[in-house]
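For reference, model-v3.txt is printed below; it contains compact mmCIF, C-alpha atoms and all ligand atoms.
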# COMPACT_ATOMS: atom_id res chain seq x y z
CA MET A 1 27.59 9.32 -30.75
CA ILE A 2 28.09 11.69 -27.80
CA ILE A 3 25.70 9.62 -25.67
CA ILE A 4 27.63 6.44 -26.48
CA LEU A 5 30.89 8.14 -25.45
CA GLN A 6 29.33 9.47 -22.25
CA ASN A 7 27.88 6.08 -21.26
CA PHE A 8 31.09 4.26 -22.19
CA THR A 9 33.18 6.66 -20.07
CA TYR A 10 30.83 6.23 -17.14
CA ILE A 11 30.78 2.42 -17.32
CA LEU A 12 34.57 2.25 -17.62
CA LEU A 13 35.06 4.57 -14.63
CA GLN A 14 32.44 2.71 -12.64
CA ILE A 15 34.30 -0.58 -13.18
CA ILE A 16 37.60 1.00 -12.10
CA LEU A 17 36.11 2.86 -9.13
CA LEU A 18 33.71 0.14 -8.00
CA PRO A 19 35.50 -0.59 -4.69
CA ILE A 20 35.48 3.13 -3.81
CA SER A 21 31.77 3.43 -4.70
CA LEU A 22 30.92 0.40 -2.57
CA ILE A 23 32.88 1.61 0.45
CA GLY A 24 31.22 5.04 0.11
CA MET A 25 27.77 3.50 -0.13
CA ILE A 26 28.27 1.24 2.90
CA TYR A 27 29.75 4.08 4.96
CA ALA A 28 27.03 6.63 4.02
CA ASN A 29 24.22 4.14 4.72
CA TYR A 30 25.78 3.03 8.00
CA LYS A 31 26.22 6.62 9.19
CA GLN A 32 22.68 7.61 8.21
CA GLN A 33 21.02 4.59 9.79
CA LYS A 34 23.09 4.58 12.98
CA ASN A 35 22.79 8.29 13.72
CA SER A 36 19.14 8.69 12.61
CA LYS A 37 18.20 5.94 15.03
CA LYS A 38 20.36 7.31 17.84
CA ALA A 39 18.93 10.83 17.51
CA LYS A 40 15.36 9.57 16.87
CA ILE A 41 15.01 11.77 13.78
CA SER A 42 13.21 11.17 10.49
CA TYR A 43 15.19 8.76 8.32
CA THR A 44 13.09 9.50 5.23
CA ALA A 45 13.75 13.25 5.52
CA GLY A 46 17.45 12.41 5.18
CA GLN A 47 16.75 10.48 1.96
CA VAL A 48 15.30 13.61 0.36
CA ILE A 49 18.42 15.72 0.87
CA GLN A 50 20.57 12.93 -0.59
CA GLY A 51 18.65 13.49 -3.83
CA GLN A 52 19.31 17.22 -3.58
CA TRP A 53 23.04 16.54 -3.04
CA ILE A 54 23.09 14.51 -6.26
CA LEU A 55 21.23 17.18 -8.26
CA HIS A 56 23.76 19.78 -7.08
CA PHE A 57 26.80 17.79 -8.21
CA PHE A 58 25.37 17.27 -11.68
CA ASN A 59 24.67 21.01 -12.01
CA ILE A 60 20.92 20.49 -12.30
CA ARG A 61 19.89 22.21 -9.09
CA LYS A 62 22.67 24.21 -7.50
CA ASP A 63 22.17 24.52 -3.74
CA ASN A 64 25.30 25.34 -1.76
CA ASN A 65 23.31 25.45 1.47
CA ILE A 66 22.32 21.79 1.12
CA ILE A 67 25.98 20.83 0.59
CA ASN A 68 27.17 22.86 3.60
CA PHE A 69 24.29 21.44 5.63
CA ILE A 70 25.15 17.83 4.72
CA LYS A 71 28.84 18.41 5.52
CA LYS A 72 27.84 19.24 9.11
CA PHE A 73 24.95 16.80 9.41
CA PRO A 74 25.77 13.88 11.71
CA ALA A 75 23.38 11.50 9.91
CA GLU A 76 24.73 11.94 6.36
CA SER A 77 28.18 11.59 4.86
CA HIS A 78 29.35 14.08 2.24
CA ILE A 79 32.53 12.03 1.71
CA GLY A 80 30.50 8.82 1.50
CA PHE A 81 28.27 10.33 -1.21
CA TYR A 82 31.32 11.56 -3.11
CA MET A 83 32.81 8.08 -3.07
CA MET A 84 29.49 6.44 -3.96
CA PHE A 85 28.99 8.69 -7.00
CA SER A 86 32.69 9.14 -7.86
CA ALA A 87 32.46 7.44 -11.28
CA ALA A 88 29.38 9.39 -12.38
CA ILE A 89 30.78 12.72 -11.10
CA LEU A 90 34.11 12.14 -12.86
CA ALA A 91 32.29 11.16 -16.07
CA ASN A 92 30.25 14.34 -15.73
CA LYS A 93 33.42 16.44 -15.46
CA LEU A 94 35.15 14.66 -18.38
CA VAL A 95 32.36 14.17 -20.93
CA ASN A 96 29.26 15.83 -19.42
CA PHE A 97 27.65 12.53 -18.43
CA VAL A 98 24.37 12.96 -16.53
CA PRO A 99 22.44 9.96 -15.12
CA LYS A 100 19.15 9.67 -17.00
CA ALA A 101 17.07 9.52 -13.80
CA LEU A 102 18.05 13.09 -12.94
CA ILE A 103 16.63 14.62 -16.09
CA LYS A 104 13.56 12.50 -16.83
CA ASN A 105 10.69 14.91 -17.35
CA ASN A 106 8.12 12.89 -19.25
CA LEU A 107 5.50 12.28 -16.54
CA ASP A 108 4.52 8.82 -17.78
CA ASP A 109 8.14 7.61 -17.73
CA ILE A 110 8.94 8.73 -14.17
CA SER A 111 10.09 5.68 -12.20
CA SER A 112 10.37 4.71 -8.53
CA TYR A 113 13.94 6.10 -8.59
CA SER A 114 13.62 9.16 -10.81
CA PHE A 115 10.51 10.48 -9.07
CA LEU A 116 12.61 11.75 -6.18
CA PHE A 117 14.54 14.08 -8.52
CA PHE A 118 11.45 15.02 -10.52
CA ARG A 119 9.59 15.87 -7.32
CA THR A 120 12.35 18.21 -6.07
CA LYS A 121 12.57 20.02 -9.42
CA LYS A 122 8.80 20.31 -10.00
CA ILE A 123 8.10 21.47 -6.46
CA ASP A 124 10.94 24.03 -6.75
CA GLN A 125 9.27 25.35 -9.89
CA LEU A 126 5.83 25.50 -8.26
CA VAL A 127 7.20 27.22 -5.15
CA LYS A 128 9.12 29.72 -7.27
CA GLU A 129 6.05 30.58 -9.36
CA ASN A 130 3.65 30.89 -6.42
CA ILE A 131 5.76 32.42 -3.68
CA LYS A 132 5.58 35.81 -5.41
CA LYS A 133 1.79 35.80 -4.91
CA VAL A 134 1.83 35.33 -1.11
CA GLU A 135 3.01 36.97 2.10
CA GLN A 136 3.46 33.81 4.19
CA PHE A 137 5.07 30.44 3.49
CA VAL A 138 4.25 27.44 5.70
CA VAL A 139 6.18 24.18 5.34
CA LEU A 140 4.38 21.29 7.04
CA GLY A 141 6.67 18.39 7.94
CA ALA A 142 9.67 20.30 6.59
CA GLY A 143 12.26 17.66 7.50
CA PHE A 144 15.72 18.79 6.39
CA ASP A 145 14.49 20.58 3.31
CA LEU A 146 16.00 24.07 2.94
CA ARG A 147 13.50 25.64 0.54
CA SER A 148 12.39 28.10 3.19
CA ILE A 149 15.95 29.46 3.04
CA LYS A 150 16.30 29.13 -0.74
CA PHE A 151 13.12 31.15 -1.36
CA ASN A 152 13.45 33.51 1.59
CA ASN A 153 12.86 37.20 1.02
CA ASP A 154 12.37 40.27 3.23
CA LYS A 155 8.64 40.52 2.55
CA LEU A 156 7.89 36.88 3.30
CA LYS A 157 7.15 35.39 6.73
CA THR A 158 8.03 31.72 6.82
CA PHE A 159 7.03 28.98 9.26
CA GLU A 160 8.45 25.46 9.40
CA LEU A 161 6.74 22.68 11.33
CA ASP A 162 8.04 19.24 12.20
CA LYS A 163 8.46 16.85 15.07
CA LYS A 164 10.70 18.00 17.92
CA ASN A 165 13.77 15.77 17.42
CA THR A 166 13.93 16.21 13.67
CA GLN A 167 13.51 19.97 13.93
CA ASN A 168 16.07 20.40 16.73
CA PHE A 169 18.59 18.31 14.81
CA LYS A 170 18.05 20.52 11.77
CA LEU A 171 18.46 23.71 13.79
CA GLU A 172 21.70 22.47 15.37
CA THR A 173 23.06 21.58 11.95
CA LEU A 174 22.04 24.93 10.43
CA LYS A 175 23.92 26.64 13.22
CA LYS A 176 27.04 24.51 12.71
CA ALA A 177 26.90 25.19 8.96
CA LYS A 178 26.46 28.95 9.62
CA ILE A 179 23.33 29.08 7.46
CA ILE A 180 21.21 32.18 8.15
CA THR A 181 17.55 31.62 8.99
CA ASN A 182 16.17 35.19 9.27
CA ASN A 183 12.38 35.51 8.89
CA ILE A 184 11.86 31.80 9.57
CA THR A 185 9.91 30.62 12.61
CA TYR A 186 10.41 27.00 13.61
CA ILE A 187 7.50 25.31 15.39
CA GLU A 188 7.73 21.81 16.79
CA CYS A 189 4.51 19.87 16.40
CA ASP A 190 2.80 16.56 16.01
CA LEU A 191 0.52 16.85 13.01
CA ASN A 192 -1.65 14.10 14.49
CA SER A 193 -3.05 16.78 16.79
CA SER A 194 -4.70 19.96 15.52
CA ASP A 195 -2.64 22.05 17.96
CA TRP A 196 -0.27 22.85 15.10
CA SER A 197 -2.69 25.43 13.71
CA ILE A 198 -3.16 27.04 17.14
CA ASP A 199 0.62 27.21 17.65
CA LEU A 200 1.08 28.61 14.16
CA ILE A 201 -1.26 31.50 14.93
CA LYS A 202 0.36 32.04 18.35
CA LYS A 203 3.73 32.34 16.61
CA GLY A 204 2.57 35.10 14.28
CA PHE A 205 0.76 33.46 11.35
CA LYS A 206 -1.87 35.92 10.07
CA LYS A 207 -5.21 34.50 8.95
CA ASN A 208 -5.83 37.42 6.57
CA LYS A 209 -2.57 37.07 4.62
CA LYS A 210 -2.32 34.93 1.52
CA THR A 211 -0.17 31.89 2.23
CA LEU A 212 1.66 29.18 0.34
CA PHE A 213 1.54 25.81 2.12
CA LEU A 214 4.03 23.11 1.21
CA PHE A 215 3.04 19.59 2.31
CA GLU A 216 5.63 17.45 0.53
CA SER A 217 5.74 13.72 1.19
CA VAL A 218 4.26 13.98 4.67
CA SER A 219 0.61 12.94 4.21
CA CYS A 220 1.74 9.41 3.27
CA TYR A 221 2.94 8.96 6.89
CA LEU A 222 -0.41 9.98 8.37
CA ASP A 223 -3.88 8.43 8.72
CA GLU A 224 -6.53 9.42 6.20
CA LYS A 225 -8.55 11.14 8.93
CA ILE A 226 -5.52 13.22 9.97
CA VAL A 227 -4.77 14.23 6.38
CA ASN A 228 -8.34 15.47 6.00
CA ASN A 229 -8.11 17.29 9.35
CA ILE A 230 -4.89 19.00 8.30
CA LEU A 231 -6.30 20.12 4.94
CA SER A 232 -9.56 21.37 6.43
CA ASN A 233 -7.74 23.12 9.29
CA LEU A 234 -5.44 24.75 6.81
CA THR A 235 -8.33 26.11 4.73
CA ARG A 236 -10.12 27.26 7.89
CA ILE A 237 -7.19 29.45 9.03
CA SER A 238 -6.15 30.76 5.62
CA ALA A 239 -7.00 33.75 3.49
CA LYS A 240 -8.88 33.11 0.22
CA LYS A 241 -6.62 32.19 -2.72
CA SER A 242 -3.98 30.75 -0.41
CA ILE A 243 -2.15 27.97 -2.24
CA VAL A 244 -1.32 24.37 -1.32
CA ILE A 245 1.38 22.23 -2.92
CA GLN A 246 1.23 18.59 -1.88
CA ASP A 247 2.04 15.19 -3.26
CA LEU A 248 0.18 11.91 -3.19
CA TYR A 249 1.10 8.26 -3.60
CA SER A 250 -0.94 5.42 -5.02
CA THR A 251 -2.22 2.58 -2.84
CA ARG A 252 -0.53 0.10 -5.16
CA PHE A 253 2.81 1.90 -4.78
CA LEU A 254 2.98 2.02 -0.98
CA HIS A 255 0.84 -0.94 0.02
CA GLN A 256 0.99 -3.47 -2.81
CA ASP A 257 3.78 -4.76 -5.00
CA GLU A 258 4.09 -2.18 -7.77
CA PHE A 259 7.90 -2.06 -7.38
CA GLN A 260 10.16 -4.59 -5.64
CA ARG A 261 12.48 -1.89 -4.22
CA VAL A 262 9.57 -0.16 -2.50
CA LYS A 263 8.76 -3.32 -0.51
CA LYS A 264 12.32 -3.32 0.85
CA GLY A 265 12.08 0.41 1.61
CA LYS A 266 8.89 -0.12 3.59
CA LYS A 267 10.63 -2.64 5.88
CA LEU A 268 13.62 -0.34 6.31
CA ILE A 269 11.71 2.81 7.26
CA LYS A 270 9.62 0.87 9.78
CA LYS A 271 12.82 0.39 11.78
CA PHE A 272 12.90 4.18 12.21
CA GLY A 273 9.27 4.35 13.34
CA GLU A 274 8.05 5.70 9.99
CA ASN A 275 5.13 3.92 8.38
CA TRP A 276 3.46 4.53 5.07
CA ASN A 277 -0.19 5.13 5.53
CA PHE A 278 -2.38 7.47 3.49
CA THR A 279 -2.61 6.81 -0.24
CA ILE A 280 -5.16 7.33 -2.99
CA ASN A 281 -6.43 4.90 -5.58
CA MET A 282 -4.72 5.69 -8.89
CA ASP A 283 -6.18 2.77 -10.88
CA ASN A 284 -8.87 4.77 -12.63
CA ASN A 285 -9.50 8.49 -12.69
CA VAL A 286 -6.63 10.05 -10.73
CA GLU A 287 -7.76 13.65 -11.35
CA LEU A 288 -11.16 12.74 -9.87
CA GLU A 289 -9.62 11.08 -6.79
CA ILE A 290 -7.46 14.16 -6.14
CA SER A 291 -10.47 16.47 -6.63
CA LYS A 292 -12.52 14.44 -4.16
CA LEU A 293 -9.82 14.81 -1.49
CA LEU A 294 -9.39 18.53 -2.14
CA GLU A 295 -13.04 19.51 -2.49
CA LYS A 296 -13.96 17.65 0.69
CA ASN A 297 -11.61 20.08 2.43
CA ASN A 298 -12.67 23.26 0.61
CA LEU A 299 -9.72 23.34 -1.75
CA THR A 300 -10.05 23.97 -5.47
CA PRO A 301 -7.78 21.90 -7.73
CA LEU A 302 -5.55 23.99 -10.02
CA GLU A 303 -2.93 21.68 -11.54
CA ASN A 304 -1.96 18.02 -11.22
CA TYR A 305 1.21 16.25 -12.32
CA ILE A 306 0.41 12.55 -12.50
CA CYS A 307 3.43 10.30 -12.88
CA GLY A 308 4.69 6.90 -13.77
CA LYS A 309 2.11 4.94 -15.73
CA ASN A 310 4.75 3.52 -18.07
CA SER A 311 6.97 2.28 -15.30
CA THR A 312 4.64 0.38 -12.97
CA LYS A 313 3.70 -3.31 -13.13
CA SER A 314 0.00 -2.41 -13.26
CA LYS A 315 0.49 0.37 -15.87
CA ASN A 316 -1.25 2.81 -13.55
CA PRO A 317 0.34 6.01 -12.25
CA PHE A 318 1.88 5.85 -8.79
CA TYR A 319 2.65 9.43 -7.81
CA ALA A 320 1.11 12.87 -8.21
CA ILE A 321 1.89 16.46 -7.31
CA SER A 322 -1.14 18.65 -6.74
CA LEU A 323 -1.47 22.43 -6.73
CA SER A 324 -4.69 23.73 -5.22
CA GLN A 325 -6.22 26.89 -3.85
CA VAL A 326 -8.30 27.83 -0.81
C1 LIG A 401 9.76 12.10 3.87
S1 LIG A 401 10.02 13.36 5.04
C2 LIG A 401 9.70 14.78 4.03
C3 LIG A 401 10.40 15.99 4.54
C4 LIG A 401 10.23 17.23 3.67
N1 LIG A 401 8.86 17.60 3.51
C5 LIG A 401 10.86 16.99 2.32
O1 LIG A 401 10.16 16.70 1.37
O2 LIG A 401 12.10 17.06 2.27
C6 LIG A 401 8.59 13.30 6.08
C7 LIG A 401 8.60 14.38 7.16
O3 LIG A 401 7.32 14.41 7.81
C8 LIG A 401 7.54 14.59 9.18
N2 LIG A 401 6.39 14.03 9.89
C9 LIG A 401 5.86 12.79 9.77
N3 LIG A 401 4.85 12.62 10.64
C10 LIG A 401 4.73 13.79 11.32
C11 LIG A 401 3.87 14.23 12.37
N4 LIG A 401 2.95 13.43 12.89
N5 LIG A 401 4.04 15.49 12.83
C12 LIG A 401 4.98 16.31 12.31
N6 LIG A 401 5.83 15.93 11.33
C13 LIG A 401 5.71 14.69 10.85
C14 LIG A 401 8.81 13.81 9.46
O4 LIG A 401 9.40 14.18 10.69
C15 LIG A 401 9.63 14.16 8.24
O5 LIG A 401 10.40 15.31 8.44
In structure tokens, what does this structure look like?
Amino acid sequence: MIIILQNFTYILLQIILLPISLIGMIYANYKQQKNSKKAKISYTAGQVIQGQWILHFFNIRKDNNIINFIKKFPAESHIGFYMMFSAAILANKLVNFVPKALIKNNLDDISSYSFLFFRTKKIDQLVKENIKKVEQFVVLGAGFDLRSIKFNNDKLKTFELDKKNTQNFKLETLKKAKIITNNITYIECDLNSSDWSIDLIKKGFKKNKKTLFLFESVSCYLDEKIVNNILSNLTRISAKKSIVIQDLYSTRFLHQDEFQRVKKGKKLIKKFGENWNFTINMDNNVELEISKLLEKNNLTPLENYICGKNSTKSKNPFYAISLSQV
């Protein structure tokens, strides 16, 4: 009965507020696309923080820093998002309505839309559980993610790596938003070259300290050879029992026609110079495919979260989060 009331309230508000939602959507998309292109920054990194904005406003993952960051970020529109989600936010305030995609936790039912929210929540949980066990935190291809600030503590040394333009844009926005970044070292890099590990050590990374590496939705933009180089380099420079959190996409998902909306997304991100590349075959034994990748690079698999087999055309999973250890 409550669910019917919640859905009814949302649909009614959405009909009334449709023009506002549409204007917000057009404005937010226009601002993101125009300014991402102009500044030559990662467009896809911007998509991730949109998901975090939504989770905040439905009280699922409170993160005031992300909201303050977005308010000052030239390639996102806080007002545009508010307008776009006005009906759902109002329905949330009135009758506690929460869009289903935000709270889907059954791995098999995760879809091409809900996986973005699932990924943020699951990776938060894995970072929270594992950060206590390490002295260093390295975020590879950090984009605009603010976990290094969220999980910052006095005993932890944190390093963030990304391409120059994306990282500089982030640093300028952090400054404008007055977000404190103590203990965090920012290193510009191109992961296609192995210089990143040399620069990391030059900037104070200690080979003998246990480290947590976060490699979230970055490997899919790189060649297979580079992904293997990064993983083997990472194990080479790290203390035993260092931990790696990474995610992986299926070949069907990024390169075939598992979902119609993904095809459109592929065309769009190409315009920003971002191309999907590395994937793994998820048609048969996904655990085995993940193990092969990890073991080849001296990593021991610990946990896998394999998602989406009920929501794809092929009835195979399309996304996985892997936790492994050096
Ligand atoms: C989809 S975003 C993910 C950002 C962040 N990890 C997150 O989940 O919010 C991909 C990120 O990888 C970075 N990236 C892609 N190729 C890279 C490369 N060759 N060197 C360094 N960073 C790269 C992009 O700049 C971007 O920030």
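The shortest atom-to-atom distance to Phe144 in chain A, with only C-alpha atoms taken into account, belongs to A:Ala45 out of A:Ile180, A:Ala45, A:Leu156, A:Val95.
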Practice task
Compute the set of protein, DNA and RNA residues whose minimum atom distance to ligand LIG 401 (chain A) is at most 7 Å, using only C-alpha atoms and all ligand atoms, and state it as a PyMOL selection string.
Solution key: chain A and resi 41-42+44-45+48-49+140-145+161-163+166+189-192+215-218+221-222
Exercise for the section: Might you pull out every residue within 8 Å of Lys309 in chain A, with all atoms listed in the file counted and same-chain residues fewer than 4 positions away left off, and present them as a list in words? Expected result: Asp108, Asp109, Ile110, Lys315, Asn316, Pro317 and Phe318 of chain A
Exercise for the section: Calculate how many Å separate CA of Ile243 in chain A from CA of Pro301 in chain A, rounding to one decimal. Expected result: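 These two atoms are separated by 9.9 Å.
Across the model, the gap from CA of Lys206 in chain A to CA of Ile184 in chain A is 14.3 Å.
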Supply range 284-309 of chain A as a PDB file, keeping the file's coordinate frame, with N, CA, C and O atoms built in where the input has gaps.
ATOM      1  N   ASN A 284      -7.913   4.315 -11.618  1.00  0.00           N
ATOM      2  CA  ASN A 284      -8.870   4.770 -12.630  1.00  0.00           C
ATOM      3  C   ASN A 284      -8.682   6.250 -12.922  1.00  0.00           C
ATOM      4  O   ASN A 284      -7.737   6.612 -13.595  1.00  0.00           O
ATOM      5  N   ASN A 285      -9.571   7.071 -12.367  1.00  0.00           N
ATOM      6  CA  ASN A 285      -9.500   8.490 -12.690  1.00  0.00           C
ATOM      7  C   ASN A 285      -8.762   9.251 -11.574  1.00  0.00           C
ATOM      8  O   ASN A 285      -9.349   9.604 -10.559  1.00  0.00           O
ATOM      9  N   VAL A 286      -7.463   9.459 -11.787  1.00  0.00           N
ATOM     10  CA  VAL A 286      -6.630  10.050 -10.730  1.00  0.00           C
ATOM     11  C   VAL A 286      -7.047  11.497 -10.443  1.00  0.00           C
ATOM     12  O   VAL A 286      -7.129  11.915  -9.288  1.00  0.00           O
ATOM     13  N   GLU A 287      -7.344  12.240 -11.513  1.00  0.00           N
ATOM     14  CA  GLU A 287      -7.760  13.650 -11.350  1.00  0.00           C
ATOM     15  C   GLU A 287      -8.990  13.708 -10.422  1.00  0.00           C
ATOM     16  O   GLU A 287      -9.075  14.557  -9.543  1.00  0.00           O
ATOM     17  N   LEU A 288      -9.919  12.767 -10.656  1.00  0.00           N
ATOM     18  CA  LEU A 288     -11.160  12.740  -9.870  1.00  0.00           C
ATOM     19  C   LEU A 288     -10.860  12.425  -8.393  1.00  0.00           C
ATOM     20  O   LEU A 288     -11.408  13.062  -7.487  1.00  0.00           O
ATOM     21  N   GLU A 289      -9.974  11.448  -8.168  1.00  0.00           N
ATOM     22  CA  GLU A 289      -9.620  11.080  -6.790  1.00  0.00           C
ATOM     23  C   GLU A 289      -8.989  12.261  -6.060  1.00  0.00           C
ATOM     24  O   GLU A 289      -9.269  12.510  -4.895  1.00  0.00           O
ATOM     25  N   ILE A 290      -8.121  12.993  -6.765  1.00  0.00           N
ATOM     26  CA  ILE A 290      -7.460  14.160  -6.140  1.00  0.00           C
ATOM     27  C   ILE A 290      -8.517  15.231  -5.858  1.00  0.00           C
ATOM     28  O   ILE A 290      -8.559  15.803  -4.767  1.00  0.00           O
ATOM     29  N   SER A 291      -9.409  15.468  -6.824  1.00  0.00           N
ATOM     30  CA  SER A 291     -10.470  16.470  -6.630  1.00  0.00           C
ATOM     31  C   SER A 291     -11.331  16.139  -5.433  1.00  0.00           C
ATOM     32  O   SER A 291     -11.700  17.020  -4.662  1.00  0.00           O
ATOM     33  N   LYS A 292     -11.647  14.835  -5.277  1.00  0.00           N
ATOM     34  CA  LYS A 292     -12.520  14.440  -4.160  1.00  0.00           C
ATOM     35  C   LYS A 292     -11.851  14.805  -2.826  1.00  0.00           C
ATOM     36  O   LYS A 292     -12.483  15.374  -1.948  1.00  0.00           O
ATOM     37  N   LEU A 293     -10.559  14.501  -2.731  1.00  0.00           N
ATOM     38  CA  LEU A 293      -9.820  14.810  -1.490  1.00  0.00           C
ATOM     39  C   LEU A 293      -9.796  16.321  -1.241  1.00  0.00           C
ATOM     40  O   LEU A 293     -10.025  16.784  -0.125  1.00  0.00           O
ATOM     41  N   LEU A 294      -9.534  17.081  -2.299  1.00  0.00           N
ATOM     42  CA  LEU A 294      -9.390  18.530  -2.140  1.00  0.00           C
ATOM     43  C   LEU A 294     -10.733  19.185  -1.829  1.00  0.00           C
ATOM     44  O   LEU A 294     -10.860  19.965  -0.882  1.00  0.00           O
ATOM     45  N   GLU A 295     -11.741  18.831  -2.624  1.00  0.00           N
ATOM     46  CA  GLU A 295     -13.040  19.510  -2.490  1.00  0.00           C
ATOM     47  C   GLU A 295     -13.693  19.234  -1.131  1.00  0.00           C
ATOM     48  O   GLU A 295     -14.337  20.109  -0.557  1.00  0.00           O
ATOM     49  N   LYS A 296     -13.462  18.006  -0.638  1.00  0.00           N
ATOM     50  CA  LYS A 296     -13.960  17.650   0.690  1.00  0.00           C
ATOM     51  C   LYS A 296     -13.420  18.632   1.747  1.00  0.00           C
ATOM     52  O   LYS A 296     -14.023  18.868   2.771  1.00  0.00           O
ATOM     53  N   ASN A 297     -12.258  19.198   1.462  1.00  0.00           N
ATOM     54  CA  ASN A 297     -11.610  20.080   2.430  1.00  0.00           C
ATOM     55  C   ASN A 297     -11.554  21.538   1.956  1.00  0.00           C
ATOM     56  O   ASN A 297     -10.654  22.293   2.338  1.00  0.00           O
ATOM     57  N   ASN A 298     -12.511  21.869   1.102  1.00  0.00           N
ATOM     58  CA  ASN A 298     -12.670  23.260   0.610  1.00  0.00           C
ATOM     59  C   ASN A 298     -11.484  23.794  -0.167  1.00  0.00           C
ATOM     60  O   ASN A 298     -11.149  24.974  -0.085  1.00  0.00           O
ATOM     61  N   LEU A 299     -10.815  22.902  -0.877  1.00  0.00           N
ATOM     62  CA  LEU A 299      -9.720  23.340  -1.750  1.00  0.00           C
ATOM     63  C   LEU A 299     -10.145  23.153  -3.194  1.00  0.00           C
ATOM     64  O   LEU A 299     -10.833  22.180  -3.526  1.00  0.00           O
ATOM     65  N   THR A 300      -9.713  24.081  -4.057  1.00  0.00           N
ATOM     66  CA  THR A 300     -10.050  23.970  -5.470  1.00  0.00           C
ATOM     67  C   THR A 300      -8.817  23.489  -6.239  1.00  0.00           C
ATOM     68  O   THR A 300      -7.750  24.104  -6.148  1.00  0.00           O
ATOM     69  N   PRO A 301      -8.939  22.391  -6.972  1.00  0.00           N
ATOM     70  CA  PRO A 301      -7.780  21.900  -7.730  1.00  0.00           C
ATOM     71  C   PRO A 301      -7.352  22.910  -8.799  1.00  0.00           C
ATOM     72  O   PRO A 301      -8.205  23.494  -9.460  1.00  0.00           O
ATOM     73  N   LEU A 302      -6.048  23.101  -8.955  1.00  0.00           N
ATOM     74  CA  LEU A 302      -5.550  23.990 -10.020  1.00  0.00           C
ATOM     75  C   LEU A 302      -4.771  23.194 -11.068  1.00  0.00           C
ATOM     76  O   LEU A 302      -5.071  23.262 -12.249  1.00  0.00           O
ATOM     77  N   GLU A 303      -3.756  22.468 -10.594  1.00  0.00           N
ATOM     78  CA  GLU A 303      -2.930  21.680 -11.540  1.00  0.00           C
ATOM     79  C   GLU A 303      -2.554  20.359 -10.889  1.00  0.00           C
ATOM     80  O   GLU A 303      -2.346  20.311  -9.680  1.00  0.00           O
ATOM     81  N   ASN A 304      -2.452  19.312 -11.717  1.00  0.00           N
ATOM     82  CA  ASN A 304      -1.960  18.020 -11.220  1.00  0.00           C
ATOM     83  C   ASN A 304      -0.854  17.519 -12.136  1.00  0.00           C
ATOM     84  O   ASN A 304      -0.941  17.690 -13.357  1.00  0.00           O
ATOM     85  N   TYR A 305       0.144  16.896 -11.543  1.00  0.00           N
ATOM     86  CA  TYR A 305       1.210  16.250 -12.320  1.00  0.00           C
ATOM     87  C   TYR A 305       1.185  14.772 -11.935  1.00  0.00           C
ATOM     88  O   TYR A 305       1.579  14.420 -10.817  1.00  0.00           O
ATOM     89  N   ILE A 306       0.666  13.953 -12.827  1.00  0.00           N
ATOM     90  CA  ILE A 306       0.410  12.550 -12.500  1.00  0.00           C
ATOM     91  C   ILE A 306       1.480  11.678 -13.174  1.00  0.00           C
ATOM     92  O   ILE A 306       1.644  11.733 -14.397  1.00  0.00           O
ATOM     93  N   CYS A 307       2.191  10.916 -12.370  1.00  0.00           N
ATOM     94  CA  CYS A 307       3.430  10.300 -12.880  1.00  0.00           C
ATOM     95  C   CYS A 307       3.436   8.775 -12.889  1.00  0.00           C
ATOM     96  O   CYS A 307       2.884   8.148 -11.983  1.00  0.00           O
ATOM     97  N   GLY A 308       4.162   8.249 -13.859  1.00  0.00           N
ATOM     98  CA  GLY A 308       4.690   6.900 -13.770  1.00  0.00           C
ATOM     99  C   GLY A 308       3.921   5.773 -14.410  1.00  0.00           C
ATOM    100  O   GLY A 308       4.256   4.620 -14.195  1.00  0.00           O
ATOM    101  N   LYS A 309       2.917   6.083 -15.265  1.00  0.00           N
ATOM    102  CA  LYS A 309       2.110   4.940 -15.730  1.00  0.00           C
ATOM    103  C   LYS A 309       2.872   3.982 -16.652  1.00  0.00           C
ATOM    104  O   LYS A 309       2.479   2.840 -16.771  1.00  0.00           O
TER     105      LYS A 309
END
